[in-house]
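entry.csv (CSV, C-alpha atoms) appears below.
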chain,number,residue,atom,x,y,z
A,20,MET,CA,-40.3,25.3,-44.4
A,21,LYS,CA,-39.5,23.7,-41.1
A,22,ASN,CA,-40.3,20.2,-42.4
A,23,THR,CA,-37.6,20.6,-45.1
A,24,GLN,CA,-34.9,21.5,-42.5
A,25,ILE,CA,-35.9,18.4,-40.3
A,26,HIS,CA,-35.3,16.1,-43.2
A,27,ALA,CA,-32.0,17.6,-44.0
A,28,GLN,CA,-30.7,17.0,-40.5
A,29,GLY,CA,-31.7,13.4,-40.5
A,30,PHE,CA,-30.0,12.9,-43.9
A,31,ALA,CA,-26.7,14.1,-42.4
A,32,LEU,CA,-27.0,11.7,-39.5
A,33,ILE,CA,-27.3,8.7,-41.9
A,34,GLU,CA,-24.2,9.9,-43.8
A,35,VAL,CA,-22.2,9.9,-40.5
A,36,LEU,CA,-23.5,6.4,-39.6
A,37,ILE,CA,-22.4,5.1,-43.0
A,38,ALA,CA,-19.0,6.7,-42.7
A,39,VAL,CA,-18.5,5.2,-39.2
A,40,PHE,CA,-19.6,1.8,-40.5
A,41,VAL,CA,-17.1,1.9,-43.4
A,42,LEU,CA,-14.4,3.1,-41.1
A,43,ALA,CA,-15.1,0.2,-38.7
A,44,ILE,CA,-14.8,-2.3,-41.5
A,45,GLY,CA,-11.5,-0.8,-42.6
A,46,ILE,CA,-10.1,-1.0,-39.0
A,47,LEU,CA,-11.2,-4.6,-38.7
A,48,GLY,CA,-9.5,-5.4,-42.0
A,49,ALA,CA,-6.3,-3.7,-40.9
A,50,GLY,CA,-6.4,-5.7,-37.6
A,51,ALA,CA,-6.8,-9.0,-39.5
A,52,ILE,CA,-3.9,-8.2,-41.8
A,53,GLN,CA,-1.7,-7.3,-38.7
A,54,THR,CA,-2.7,-10.6,-37.1
A,55,MET,CA,-1.8,-12.6,-40.2
A,56,GLY,CA,1.5,-10.9,-40.4
A,57,LEU,CA,2.3,-11.7,-36.8
A,58,GLN,CA,1.4,-15.4,-37.4
A,59,ALA,CA,3.7,-15.6,-40.4
A,60,ASN,CA,6.5,-13.9,-38.5
A,61,GLN,CA,6.1,-16.4,-35.6
A,62,GLY,CA,6.2,-19.3,-38.1
A,63,ALA,CA,9.4,-17.9,-39.7
A,64,TYR,CA,11.0,-17.5,-36.3
A,65,MET,CA,10.2,-21.2,-35.4
A,66,ARG,CA,11.7,-22.4,-38.7
A,67,SER,CA,14.9,-20.4,-38.0
A,68,GLN,CA,15.1,-21.9,-34.5
A,69,ALA,CA,14.8,-25.4,-36.0
A,70,MET,CA,17.6,-24.6,-38.4
A,71,LEU,CA,19.7,-23.3,-35.5
A,72,LEU,CA,19.2,-26.5,-33.5
A,73,ALA,CA,20.0,-28.7,-36.5
A,74,GLY,CA,23.1,-26.8,-37.4
A,75,ASP,CA,24.2,-26.9,-33.8
A,76,ILE,CA,24.4,-30.7,-33.6
A,77,ILE,CA,25.9,-31.0,-37.1
A,78,ASP,CA,28.7,-28.6,-36.1
A,79,ARG,CA,29.3,-30.6,-33.0
A,80,ILE,CA,29.5,-33.9,-35.0
A,81,ARG,CA,31.9,-32.3,-37.5
A,82,ALA,CA,34.1,-31.1,-34.6
A,83,ASN,CA,34.1,-34.6,-33.1
A,84,ARG,CA,34.0,-36.7,-36.2
A,85,SER,CA,36.0,-39.6,-34.8
A,86,ALA,CA,33.0,-40.4,-32.5
A,87,LEU,CA,30.4,-40.1,-35.3
A,88,SER,CA,28.8,-43.5,-34.4
A,89,ASN,CA,28.0,-42.1,-30.9
A,90,TYR,CA,25.8,-39.4,-32.4
A,91,SER,CA,23.7,-41.7,-34.5
A,92,ALA,CA,20.4,-42.9,-33.3
A,93,VAL,CA,19.8,-39.9,-30.9
A,94,ASP,CA,16.1,-39.3,-30.6
A,95,THR,CA,14.9,-36.8,-28.0
A,96,SER,CA,11.3,-38.0,-28.2
A,97,THR,CA,12.3,-41.3,-26.7
A,98,MET,CA,14.4,-39.8,-23.9
A,99,SER,CA,12.7,-39.7,-20.6
A,100,THR,CA,15.5,-37.6,-19.2
A,101,VAL,CA,18.4,-35.8,-20.8
A,102,PRO,CA,21.7,-37.7,-20.3
A,103,GLY,CA,24.0,-36.2,-17.7
A,104,LEU,CA,27.4,-34.8,-18.5
A,105,PRO,CA,30.4,-37.2,-18.2
A,106,THR,CA,32.5,-36.8,-15.1
A,107,CYS,CA,35.6,-36.0,-17.2
A,108,ILE,CA,34.1,-32.6,-18.0
A,109,SER,CA,35.2,-31.3,-14.6
A,110,LEU,CA,38.7,-32.9,-14.7
A,111,SER,CA,41.8,-31.2,-16.0
A,112,THR,CA,42.8,-34.4,-17.9
A,113,GLY,CA,40.2,-33.9,-20.5
A,114,CYS,CA,37.7,-36.2,-22.2
A,115,SER,CA,37.8,-38.9,-24.8
A,116,ALA,CA,35.9,-38.4,-28.1
A,117,THR,CA,33.1,-40.6,-26.7
A,118,ASP,CA,32.8,-38.5,-23.6
A,119,VAL,CA,32.7,-35.3,-25.7
A,120,ALA,CA,29.9,-36.9,-27.8
A,121,THR,CA,28.0,-37.7,-24.7
A,122,ALA,CA,28.4,-34.1,-23.5
A,123,ASP,CA,27.4,-32.8,-26.9
A,124,ILE,CA,24.3,-35.0,-26.9
A,125,SER,CA,23.4,-33.9,-23.4
A,126,ASP,CA,23.7,-30.2,-24.1
A,127,TRP,CA,21.8,-30.5,-27.5
A,128,ALA,CA,19.0,-32.6,-26.1
A,129,SER,CA,18.5,-30.2,-23.2
A,130,LYS,CA,18.2,-27.3,-25.7
A,131,VAL,CA,15.7,-29.3,-27.8
A,132,LYS,CA,13.6,-30.6,-24.9
A,133,SER,CA,13.6,-27.4,-22.9
A,134,GLY,CA,11.2,-25.7,-25.2
A,135,SER,CA,13.1,-22.4,-25.0
A,136,TYR,CA,14.0,-22.6,-28.7
A,137,LEU,CA,10.9,-24.4,-30.0
A,138,PRO,CA,7.9,-25.3,-27.8
A,139,GLY,CA,7.2,-29.1,-27.9
A,140,ALA,CA,10.2,-29.8,-30.1
A,141,ASN,CA,11.9,-33.1,-30.7
A,142,GLY,CA,15.2,-33.9,-32.4
A,143,LYS,CA,16.5,-36.9,-34.1
A,144,VAL,CA,20.0,-37.8,-35.5
A,145,VAL,CA,20.4,-40.8,-37.8
A,146,SER,CA,23.4,-42.1,-39.7
A,147,LEU,CA,22.7,-42.7,-43.4
A,148,GLY,CA,24.3,-45.2,-45.7
A,149,SER,CA,28.0,-45.9,-45.0
A,150,GLY,CA,27.8,-43.8,-41.8
A,151,SER,CA,29.5,-40.7,-43.2
A,152,ASN,CA,26.2,-38.9,-43.8
A,153,VAL,CA,23.9,-37.9,-41.0
A,154,GLN,CA,20.3,-36.7,-41.2
A,155,VAL,CA,18.9,-34.4,-38.5
A,156,THR,CA,15.2,-33.9,-38.1
A,157,ILE,CA,13.6,-31.3,-35.8
A,158,THR,CA,9.9,-31.5,-35.3
A,159,TRP,CA,7.6,-29.1,-33.4
A,160,GLY,CA,4.0,-28.1,-33.2
A,161,GLU,CA,2.7,-24.9,-34.8
A,162,THR,CA,-0.7,-23.2,-35.1
A,163,ASP,CA,-1.7,-22.8,-38.7
A,164,TRP,CA,-4.6,-20.9,-40.3
A,165,ASN,CA,-6.0,-22.4,-43.5
A,166,ALA,CA,-9.1,-20.9,-45.1
A,167,GLY,CA,-10.0,-19.2,-41.8
A,168,ILE,CA,-9.8,-22.4,-39.8
A,169,ARG,CA,-7.3,-22.6,-37.0
A,170,SER,CA,-5.5,-26.0,-36.6
A,171,ASN,CA,-2.5,-27.4,-34.9
A,172,VAL,CA,0.0,-28.9,-37.3
A,173,SER,CA,3.2,-30.8,-36.9
A,174,MET,CA,6.1,-29.1,-38.6
A,175,SER,CA,9.5,-30.6,-39.3
A,176,TYR,CA,12.9,-29.4,-40.6
A,177,VAL,CA,15.2,-32.1,-42.1
A,178,VAL,CA,18.8,-31.6,-43.1
A,179,THR,CA,21.3,-34.1,-44.4
A,180,ALA,CA,25.0,-33.4,-44.0
A,181,ALA,CA,28.1,-35.2,-45.2
A,182,ILE,CA,30.7,-35.7,-42.4
A,183,ASN,CA,34.2,-36.3,-43.8
A,184,THR,CA,35.6,-38.9,-41.3
A,185,GLU,CA,39.0,-39.2,-43.1
A,186,ILE,CA,40.3,-35.8,-42.1
A,187,GLU,CA,41.5,-35.4,-38.5
Rendering of file as structure tokens:
Amino acid sequence: MKNTQIHAQGFALIEVLIAVFVLAIGILGAGAIQTMGLQANQGAYMRSQAMLLAGDIIDRIRANRSALSNYSAVDTSTMSTVPGLPTCISLSTGCSATDVATADISDWASKVKSGSYLPGANGKVVSLGSGSNVQVTITWGETDWNAGIRSNVSMSYVVTAAINTEIE
């Protein structure tokens, strides 16, 4: 009779080990899902920051449409330093439209290049066609997981906007 009781105690121990194993697999799965959710959230945050930066420069261009040509061909990837603010900013006499464009580009480029919005970001503004349309491109680096393999990918957000230069 003692032999039967010994076997019953060992059987219960195996059940506990299997239950712990199944629980561990479940916890690892939940952790993996949480990690994937955080990565997706981070990617969405970066895309929203790119939209914010693109919208910022487009709003600045629309507010100062008479100096539209000054905004075209801005490329932060080729800037070794961010342009400084014009001296008229501190004067009570005000600035010309060209000076305001220079101040806008300086402020926008410093936001893009600082990395506080998007790490490793670059921004580009290009006039299209007759010059009343602008295209803003924001690029940045992001970590992506594809089929369980981590890779660094270059992401970009491109927006084209019409600037009505006839209204003042």
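For the choices A:Arg79, A:Ile157, A:Trp164, A:Val145, the atom-to-atom distance to Ala122 of chain A is smallest for A:Arg79 when using all atoms listed in the file.
Take atom CA of Thr117 of chain A and atom CA of Ser135 of chain A: the distance between them is 27.1 Å.
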Close residues, segment 178-182 of chain A itself excluded, 8 Å, all atoms listed in the file, min 5 positions apart in chain, as a list of chain:residue names: A:Ala73, A:Ile77, A:Ile80, A:Arg81, A:Arg84, A:Ser151, A:Asn152, A:Val153, A:Gln154, A:Val155, A:Thr156
Proximity to Met174 of chain A - best of A:Ser133, A:Gln58, A:Thr162, A:Ser115, all atoms listed in the file: A:Thr162
Neighbour list for Pro102 of chain A as an mmCIF file with C-alpha atoms, in the frame of the given file, cut-off 9 Å, only C-alpha atoms, skip fewer than 3 positions in-chain:
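Output (around_22.cif):
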data_model
loop_
_atom_site.group_PDB
_atom_site.id
_atom_site.type_symbol
_atom_site.label_atom_id
_atom_site.label_comp_id
_atom_site.auth_asym_id
_atom_site.auth_seq_id
_atom_site.Cartn_x
_atom_site.Cartn_y
_atom_site.Cartn_z
ATOM 1 C CA MET A 98 14.400 -39.800 -23.900
ATOM 2 C CA PRO A 105 30.400 -37.200 -18.200
ATOM 3 C CA THR A 121 28.000 -37.700 -24.700
ATOM 4 C CA ALA A 122 28.400 -34.100 -23.500
ATOM 5 C CA ILE A 124 24.300 -35.000 -26.900
ATOM 6 C CA SER A 125 23.400 -33.900 -23.400
ATOM 7 C CA ASP A 126 23.700 -30.200 -24.100
ATOM 8 C CA ALA A 128 19.000 -32.600 -26.100
ATOM 9 C CA SER A 129 18.500 -30.200 -23.200
#
Option closest in space to Val177 of chain A, from A:Tyr90, A:Thr100, A:Thr112, A:Ala69 [counting all atoms listed in the file]: A:Ala69
From A:Trp127, A:Ala116, A:Asn141, A:Leu42, residue lying nearest Thr97 of chain A [all atoms listed in the file]: A:Asn141
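Atom pair atom CA of Met65 of chain A / atom CA of Trp159 of chain A: separated by 8.6 Å.
Atom CA of Ala59 of chain A is positioned 9.2 Å from atom CA of Asp163 of chain A.
For the residues A:Asn83, A:Thr158, A:Asn171, A:Asn165, ranking by smallest atom-to-atom distance to Arg66 of chain A using all atoms listed in the file places A:Thr158 first.
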Selected residue, from A:Leu72, A:Ile44, A:Ala120, A:Ile33, that lies nearest to Asn89 of chain A when counting only C-alpha atoms: A:Ala120
Could you list, as an mmCIF file with C-alpha atoms, in the frame of the given file, every residue within 8 Å of segment 61-63 of chain A, counting all atoms listed in the file and ignoring same-chain residues fewer than 4 positions away?
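The new file result_16.cif reads:
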data_model
loop_
_atom_site.group_PDB
_atom_site.id
_atom_site.type_symbol
_atom_site.label_atom_id
_atom_site.label_comp_id
_atom_site.auth_asym_id
_atom_site.auth_seq_id
_atom_site.Cartn_x
_atom_site.Cartn_y
_atom_site.Cartn_z
ATOM 1 C CA LEU A 57 2.300 -11.700 -36.800
ATOM 2 C CA SER A 67 14.900 -20.400 -38.000
ATOM 3 C CA GLU A 161 2.700 -24.900 -34.800
#
